[in-house]
Amino acid sequence: MRKLRVTARKTEFIPQTMGIFVLFIIVLAFTVGLVRQELALALAGAAFLLPWTYCLVMTLFLALLHSRRVRRVTIRISPREITAGEFTEAFYTEGETAAPAGKIIQLPGILVRCRLILATADGRYIRYDFNPADPHPHLIEAKKRGAYFSVRDEFAVFDILGFFRFAYRLTASNLTTSKTAKMSPDEVVRLLVSPHPAEETPDVNARAGDTQFTPETSFQRTDNFVDNRPYVPGDDPRRINWKLYSHGSGLFVREAEREPPPHSNVVILIDNEYDPMLFSIAAARRGIDALCENALAVAIACAESGMNVLIGYIGCEQVVGNFTGVSPAKELASALARPAARSLSFDNIFPPVPAGLGILVLALPRVSAETSALDRFLKGKTINQTIDVLLICDNDSTQLTAAETCAAMYNRRAGVKARAFFPNSSHRDTEARR
């Protein structure tokens with residue numbers, strides 16, 4: 001886990017709305033009491049003035065007392081990569097060691113708190129406040145998928161009545177504007193929240209060269225004669241039952257054995273553009289989540305069947321992956337945490353895809369297919385490339401019409417196979433092919 005060191009960059013003294021309102025009451029009470037010579041109003045003003053003054057003076061005093069401490073503060077988040085719905089922990093330290101409980105001075109009615117605000121590129125936020133003197137773990141729940149960067153960290157002193165708040169603005173030093181351009185995306189992102197795989201894996205056919213791949217995650221083998229049939233030219237030699245052949249029974253192929261897919265590379269592209277005419281930003285974020293969840297389910301199935309899986313999305317410079325091994329789910333999920341909802345724009349482009357890869361694109365439906373990055377990507381494909389396009393949408397008549405229209409337009413292009421898919425609805429795998 002890379003430690004994110006924070007340093008004081010800005011100091012803010014913020015009179016709260018309640019503090020301004022109480023000050024107005026104090027001035028009004030003293031003014032009316034003086035003009036009308038009413039002692040009750042003057043006493044009422046004094047009654048408000050005493051706690052108001054205490055909060056102001058003690059907030060400033062405690063903030064000044066902690067001013068040197070803030071220079072040594074470090075806040076880090078661990079683990080940095082989690083799955084949606086899980087918890088990560090915020091660690092408050094001073095220098096290189098954790099600050100022991102009770103070391104931070106607080107006064108009656110005046111509190112010290114730390115605040116972290118994280119955000120994604122498409123406007124999702126996580127805000128967490130905690131007492132740095134509290135010895136219990138500071139657990140942050142990340143309910144939604146996304147790559148969260150640091151908006152700001154604060155070390156704040158404020159009163160319980162809500163009159164005043166004195167905050168030291170903290171910013172991770174390795175996320176400053178001058179250094180961000182030189183850093184990799186992994187260093188900029190502070191919390192990576194991966195999606196869960198969809199419960200139902202869409203049926204897809206990714207092509208690479210002249211070979212078709214259908215993900216299979218289980219293999220059945222048998223030596224029983226009743227599960228075999230005579231070999232005919234064109235059968236896969238890998239399915240020949242050589243044990244029967246060694247007994248002089250001739251060539252037979254196993255009926256019950258599913259044909260394992262050949263070793264291949266498949267790239268899954270997330271079209272994280274959305275049409276503002278169909279989706280609000282909140283609905284678009286949920287839609288991109290659905291794309292990533294379904295992409296993860298497909299990617300895991302492909303990887304488990306022996307394929308090398310690469311991930312790409314609008315906004316990344318290149319496809320990433322080559323994920324192989326016993327448990328590729330973590331790496332695949334981390335890549336799919338990053339796509340953020342983007343509105344339709346001519347500036348949006350897909351990363352370049354190397355030749356010889358099967359390509360699957362998951363997209364949201366849109367009113368017009370001709371203004372999208374996906375349309376421009378399909379126009380630039382090579383003659384031998386075959387691209388599957390899966391339009392994922394809710395069981396909504398407007399989205400259904402848009403998805404079928406887009407699929408029909410994409411299917412006019414040679415080598416493109418587009419269809420609509422409705423996860424968790426009564427409409428399953430609706431085809432819109434020509």
# chains A, B, ... in the order shown; residues from 1 in each chain; ligands from 1
$ residues_around --residues "region 121-128 of chain A" --least-positions-apart "6" --cutoff "7 Å" --atoms "only C-alpha atoms" --output "list in words"
Arg115, Ile140, Ala340 and Ala341 of chain A
$ select_by_dssp --residues "region 374-415 of chain A" --states "strand (DSSP E)" --output "list in words"
Ile387, Asp388, Val389, Leu390, Leu391 and Ile392 of chain A
$ residues_around --residues "Val73 (chain A)" --least-positions-apart "3" --cutoff "6 Å" --atoms "only C-alpha atoms" --output "short mmCIF file (atom, residue, chain, number, x, y, z; two decimals) with N, CA, C and O atoms, in the first residue's frame"
data_model
loop_
_atom_site.label_atom_id
_atom_site.label_comp_id
_atom_site.auth_asym_id
_atom_site.auth_seq_id
_atom_site.Cartn_x
_atom_site.Cartn_y
_atom_site.Cartn_z
N VAL A 70 -0.54 19.86 12.68
CA VAL A 70 -1.06 19.58 11.34
C VAL A 70 0.07 19.35 10.34
O VAL A 70 -0.09 18.58 9.39
N THR A 93 -2.02 9.34 11.35
CA THR A 93 -0.71 9.26 11.97
C THR A 93 -0.06 10.63 12.01
O THR A 93 -0.42 11.53 11.24
N GLU A 94 0.87 10.78 12.92
CA GLU A 94 1.68 12.00 13.02
C GLU A 94 3.13 11.58 12.87
O GLU A 94 3.66 10.87 13.72
#
$ residues_around --residues "Thr17 (chain A)" --least-positions-apart "2" --cutoff "9 Å" --atoms "only C-alpha atoms" --output "PyMOL selection string"
chain A and resi 15+19-22+162-164
$ select_by_dssp --residues "region 7-113 of chain A" --states "alpha helix (DSSP H)" --output "VMD selection string"
chain A and resid 17 to 36 39 to 65 67 to 70
$ decode --residues "region 320-370 of chain A" --atoms "N, CA and C atoms" --output "PDB file, in the first residue's frame"
ATOM      1  N   VAL A 320      -5.413  -2.984 -21.188  1.00  0.00           N
ATOM      2  CA  VAL A 320      -4.545  -3.561 -20.166  1.00  0.00           C
ATOM      3  C   VAL A 320      -5.007  -4.976 -19.886  1.00  0.00           C
ATOM      4  N   GLY A 321      -4.079  -5.800 -19.421  1.00  0.00           N
ATOM      5  CA  GLY A 321      -4.488  -7.128 -19.026  1.00  0.00           C
ATOM      6  C   GLY A 321      -3.467  -8.199 -19.289  1.00  0.00           C
ATOM      7  N   ASN A 322      -3.828  -9.131 -20.173  1.00  0.00           N
ATOM      8  CA  ASN A 322      -3.125 -10.406 -20.316  1.00  0.00           C
ATOM      9  C   ASN A 322      -3.221 -11.163 -19.004  1.00  0.00           C
ATOM     10  N   PHE A 323      -4.462 -11.197 -18.482  1.00  0.00           N
ATOM     11  CA  PHE A 323      -4.702 -11.793 -17.182  1.00  0.00           C
ATOM     12  C   PHE A 323      -4.890 -13.294 -17.320  1.00  0.00           C
ATOM     13  N   THR A 324      -3.936 -14.041 -16.851  1.00  0.00           N
ATOM     14  CA  THR A 324      -4.037 -15.488 -16.843  1.00  0.00           C
ATOM     15  C   THR A 324      -3.679 -15.988 -15.460  1.00  0.00           C
ATOM     16  N   GLY A 325      -3.989 -17.236 -15.202  1.00  0.00           N
ATOM     17  CA  GLY A 325      -3.641 -17.814 -13.913  1.00  0.00           C
ATOM     18  C   GLY A 325      -4.859 -18.434 -13.268  1.00  0.00           C
ATOM     19  N   VAL A 326      -4.669 -18.870 -12.014  1.00  0.00           N
ATOM     20  CA  VAL A 326      -5.735 -19.574 -11.322  1.00  0.00           C
ATOM     21  C   VAL A 326      -6.849 -18.636 -10.922  1.00  0.00           C
ATOM     22  N   SER A 327      -6.515 -17.444 -10.449  1.00  0.00           N
ATOM     23  CA  SER A 327      -7.525 -16.523  -9.941  1.00  0.00           C
ATOM     24  C   SER A 327      -7.338 -15.129 -10.552  1.00  0.00           C
ATOM     25  N   PRO A 328      -7.868 -14.910 -11.766  1.00  0.00           N
ATOM     26  CA  PRO A 328      -7.692 -13.610 -12.406  1.00  0.00           C
ATOM     27  C   PRO A 328      -8.745 -12.593 -12.015  1.00  0.00           C
ATOM     28  N   ALA A 329      -9.723 -12.987 -11.181  1.00  0.00           N
ATOM     29  CA  ALA A 329     -10.873 -12.125 -10.926  1.00  0.00           C
ATOM     30  C   ALA A 329     -10.457 -10.780 -10.339  1.00  0.00           C
ATOM     31  N   LYS A 330      -9.485 -10.753  -9.444  1.00  0.00           N
ATOM     32  CA  LYS A 330      -9.084  -9.514  -8.795  1.00  0.00           C
ATOM     33  C   LYS A 330      -8.514  -8.518  -9.797  1.00  0.00           C
ATOM     34  N   GLU A 331      -7.639  -8.995 -10.673  1.00  0.00           N
ATOM     35  CA  GLU A 331      -7.036  -8.107 -11.661  1.00  0.00           C
ATOM     36  C   GLU A 331      -8.075  -7.586 -12.645  1.00  0.00           C
ATOM     37  N   LEU A 332      -8.980  -8.457 -13.061  1.00  0.00           N
ATOM     38  CA  LEU A 332     -10.032  -8.050 -13.985  1.00  0.00           C
ATOM     39  C   LEU A 332     -10.949  -7.023 -13.340  1.00  0.00           C
ATOM     40  N   ALA A 333     -11.316  -7.262 -12.084  1.00  0.00           N
ATOM     41  CA  ALA A 333     -12.213  -6.343 -11.383  1.00  0.00           C
ATOM     42  C   ALA A 333     -11.555  -4.988 -11.176  1.00  0.00           C
ATOM     43  N   SER A 334     -10.261  -4.971 -10.877  1.00  0.00           N
ATOM     44  CA  SER A 334      -9.563  -3.695 -10.681  1.00  0.00           C
ATOM     45  C   SER A 334      -9.592  -2.857 -11.951  1.00  0.00           C
ATOM     46  N   ALA A 335      -9.400  -3.498 -13.104  1.00  0.00           N
ATOM     47  CA  ALA A 335      -9.448  -2.760 -14.363  1.00  0.00           C
ATOM     48  C   ALA A 335     -10.835  -2.200 -14.610  1.00  0.00           C
ATOM     49  N   LEU A 336     -11.878  -2.929 -14.202  1.00  0.00           N
ATOM     50  CA  LEU A 336     -13.250  -2.498 -14.453  1.00  0.00           C
ATOM     51  C   LEU A 336     -13.780  -1.546 -13.384  1.00  0.00           C
ATOM     52  N   ALA A 337     -12.947  -1.184 -12.407  1.00  0.00           N
ATOM     53  CA  ALA A 337     -13.343  -0.162 -11.446  1.00  0.00           C
ATOM     54  C   ALA A 337     -13.189   1.241 -12.018  1.00  0.00           C
ATOM     55  N   ARG A 338     -12.407   1.389 -13.077  1.00  0.00           N
ATOM     56  CA  ARG A 338     -12.009   2.709 -13.552  1.00  0.00           C
ATOM     57  C   ARG A 338     -12.967   3.414 -14.511  1.00  0.00           C
ATOM     58  N   PRO A 339     -13.718   2.724 -15.365  1.00  0.00           N
ATOM     59  CA  PRO A 339     -14.575   3.456 -16.313  1.00  0.00           C
ATOM     60  C   PRO A 339     -15.564   4.382 -15.612  1.00  0.00           C
ATOM     61  N   ALA A 340     -15.628   5.633 -16.077  1.00  0.00           N
ATOM     62  CA  ALA A 340     -16.543   6.628 -15.533  1.00  0.00           C
ATOM     63  C   ALA A 340     -17.481   7.101 -16.636  1.00  0.00           C
ATOM     64  N   ALA A 341     -18.704   7.457 -16.267  1.00  0.00           N
ATOM     65  CA  ALA A 341     -19.703   7.882 -17.240  1.00  0.00           C
ATOM     66  C   ALA A 341     -19.246   9.162 -17.931  1.00  0.00           C
ATOM     67  N   ARG A 342     -19.329   9.171 -19.259  1.00  0.00           N
ATOM     68  CA  ARG A 342     -18.974  10.339 -20.066  1.00  0.00           C
ATOM     69  C   ARG A 342     -20.127  10.636 -21.021  1.00  0.00           C
ATOM     70  N   SER A 343     -20.483  11.889 -21.168  1.00  0.00           N
ATOM     71  CA  SER A 343     -21.504  12.254 -22.131  1.00  0.00           C
ATOM     72  C   SER A 343     -20.938  12.168 -23.541  1.00  0.00           C
ATOM     73  N   LEU A 344     -21.810  12.070 -24.529  1.00  0.00           N
ATOM     74  CA  LEU A 344     -21.382  11.951 -25.920  1.00  0.00           C
ATOM     75  C   LEU A 344     -20.521  13.143 -26.315  1.00  0.00           C
ATOM     76  N   SER A 345     -19.375  12.859 -26.907  1.00  0.00           N
ATOM     77  CA  SER A 345     -18.459  13.923 -27.307  1.00  0.00           C
ATOM     78  C   SER A 345     -17.539  13.399 -28.402  1.00  0.00           C
ATOM     79  N   PHE A 346     -17.149  14.272 -29.323  1.00  0.00           N
ATOM     80  CA  PHE A 346     -16.207  13.887 -30.362  1.00  0.00           C
ATOM     81  C   PHE A 346     -14.795  13.741 -29.802  1.00  0.00           C
ATOM     82  N   ASP A 347     -14.570  14.169 -28.566  1.00  0.00           N
ATOM     83  CA  ASP A 347     -13.262  13.997 -27.940  1.00  0.00           C
ATOM     84  C   ASP A 347     -13.088  12.602 -27.347  1.00  0.00           C
ATOM     85  N   ASN A 348     -14.175  11.866 -27.176  1.00  0.00           N
ATOM     86  CA  ASN A 348     -14.109  10.529 -26.595  1.00  0.00           C
ATOM     87  C   ASN A 348     -13.640   9.516 -27.642  1.00  0.00           C
ATOM     88  N   ILE A 349     -12.635   8.741 -27.290  1.00  0.00           N
ATOM     89  CA  ILE A 349     -12.118   7.727 -28.204  1.00  0.00           C
ATOM     90  C   ILE A 349     -11.789   6.457 -27.424  1.00  0.00           C
ATOM     91  N   PHE A 350     -11.851   5.332 -28.115  1.00  0.00           N
ATOM     92  CA  PHE A 350     -11.431   4.065 -27.533  1.00  0.00           C
ATOM     93  C   PHE A 350      -9.910   3.935 -27.644  1.00  0.00           C
ATOM     94  N   PRO A 351      -9.308   3.157 -26.770  1.00  0.00           N
ATOM     95  CA  PRO A 351      -7.862   2.904 -26.920  1.00  0.00           C
ATOM     96  C   PRO A 351      -7.612   2.047 -28.148  1.00  0.00           C
ATOM     97  N   PRO A 352      -6.440   2.124 -28.740  1.00  0.00           N
ATOM     98  CA  PRO A 352      -6.133   1.261 -29.890  1.00  0.00           C
ATOM     99  C   PRO A 352      -6.113  -0.207 -29.478  1.00  0.00           C
ATOM    100  N   VAL A 353      -6.630  -1.048 -30.349  1.00  0.00           N
ATOM    101  CA  VAL A 353      -6.686  -2.487 -30.079  1.00  0.00           C
ATOM    102  C   VAL A 353      -5.724  -3.205 -31.015  1.00  0.00           C
ATOM    103  N   PRO A 354      -4.790  -3.987 -30.493  1.00  0.00           N
ATOM    104  CA  PRO A 354      -3.855  -4.719 -31.364  1.00  0.00           C
ATOM    105  C   PRO A 354      -4.596  -5.664 -32.305  1.00  0.00           C
ATOM    106  N   ALA A 355      -3.991  -5.960 -33.436  1.00  0.00           N
ATOM    107  CA  ALA A 355      -4.592  -6.852 -34.423  1.00  0.00           C
ATOM    108  C   ALA A 355      -4.629  -8.278 -33.884  1.00  0.00           C
ATOM    109  N   GLY A 356      -5.575  -9.057 -34.386  1.00  0.00           N
ATOM    110  CA  GLY A 356      -5.648 -10.466 -34.035  1.00  0.00           C
ATOM    111  C   GLY A 356      -6.374 -10.765 -32.751  1.00  0.00           C
ATOM    112  N   LEU A 357      -7.130  -9.812 -32.215  1.00  0.00           N
ATOM    113  CA  LEU A 357      -7.850 -10.021 -30.967  1.00  0.00           C
ATOM    114  C   LEU A 357      -9.343 -10.120 -31.224  1.00  0.00           C
ATOM    115  N   GLY A 358     -10.012 -10.999 -30.488  1.00  0.00           N
ATOM    116  CA  GLY A 358     -11.456 -10.976 -30.474  1.00  0.00           C
ATOM    117  C   GLY A 358     -11.917  -9.752 -29.708  1.00  0.00           C
ATOM    118  N   ILE A 359     -12.944  -9.078 -30.177  1.00  0.00           N
ATOM    119  CA  ILE A 359     -13.375  -7.811 -29.575  1.00  0.00           C
ATOM    120  C   ILE A 359     -14.835  -7.913 -29.158  1.00  0.00           C
ATOM    121  N   LEU A 360     -15.094  -7.601 -27.902  1.00  0.00           N
ATOM    122  CA  LEU A 360     -16.452  -7.493 -27.382  1.00  0.00           C
ATOM    123  C   LEU A 360     -16.626  -6.101 -26.808  1.00  0.00           C
ATOM    124  N   VAL A 361     -17.669  -5.400 -27.245  1.00  0.00           N
ATOM    125  CA  VAL A 361     -17.954  -4.047 -26.760  1.00  0.00           C
ATOM    126  C   VAL A 361     -19.276  -4.076 -26.003  1.00  0.00           C
ATOM    127  N   LEU A 362     -19.277  -3.571 -24.787  1.00  0.00           N
ATOM    128  CA  LEU A 362     -20.502  -3.425 -24.009  1.00  0.00           C
ATOM    129  C   LEU A 362     -20.840  -1.943 -23.946  1.00  0.00           C
ATOM    130  N   ALA A 363     -22.072  -1.595 -24.320  1.00  0.00           N
ATOM    131  CA  ALA A 363     -22.457  -0.193 -24.437  1.00  0.00           C
ATOM    132  C   ALA A 363     -23.871   0.016 -23.923  1.00  0.00           C
ATOM    133  N   LEU A 364     -24.209   1.282 -23.675  1.00  0.00           N
ATOM    134  CA  LEU A 364     -25.574   1.682 -23.346  1.00  0.00           C
ATOM    135  C   LEU A 364     -26.289   2.101 -24.627  1.00  0.00           C
ATOM    136  N   PRO A 365     -27.606   1.929 -24.678  1.00  0.00           N
ATOM    137  CA  PRO A 365     -28.334   2.381 -25.874  1.00  0.00           C
ATOM    138  C   PRO A 365     -28.311   3.902 -25.969  1.00  0.00           C
ATOM    139  N   ARG A 366     -28.516   4.409 -27.172  1.00  0.00           N
ATOM    140  CA  ARG A 366     -28.553   5.854 -27.394  1.00  0.00           C
ATOM    141  C   ARG A 366     -29.520   6.170 -28.519  1.00  0.00           C
ATOM    142  N   VAL A 367     -29.942   7.416 -28.564  1.00  0.00           N
ATOM    143  CA  VAL A 367     -30.920   7.826 -29.566  1.00  0.00           C
ATOM    144  C   VAL A 367     -30.322   7.767 -30.958  1.00  0.00           C
ATOM    145  N   SER A 368     -29.082   8.247 -31.096  1.00  0.00           N
ATOM    146  CA  SER A 368     -28.402   8.230 -32.384  1.00  0.00           C
ATOM    147  C   SER A 368     -27.076   7.515 -32.233  1.00  0.00           C
ATOM    148  N   ALA A 369     -26.839   6.534 -33.089  1.00  0.00           N
ATOM    149  CA  ALA A 369     -25.594   5.779 -33.022  1.00  0.00           C
ATOM    150  C   ALA A 369     -24.474   6.458 -33.785  1.00  0.00           C
ATOM    151  N   GLU A 370     -24.798   7.467 -34.572  1.00  0.00           N
ATOM    152  CA  GLU A 370     -23.810   8.045 -35.475  1.00  0.00           C
ATOM    153  C   GLU A 370     -22.906   9.088 -34.832  1.00  0.00           C
TER     154      GLU A 370
END
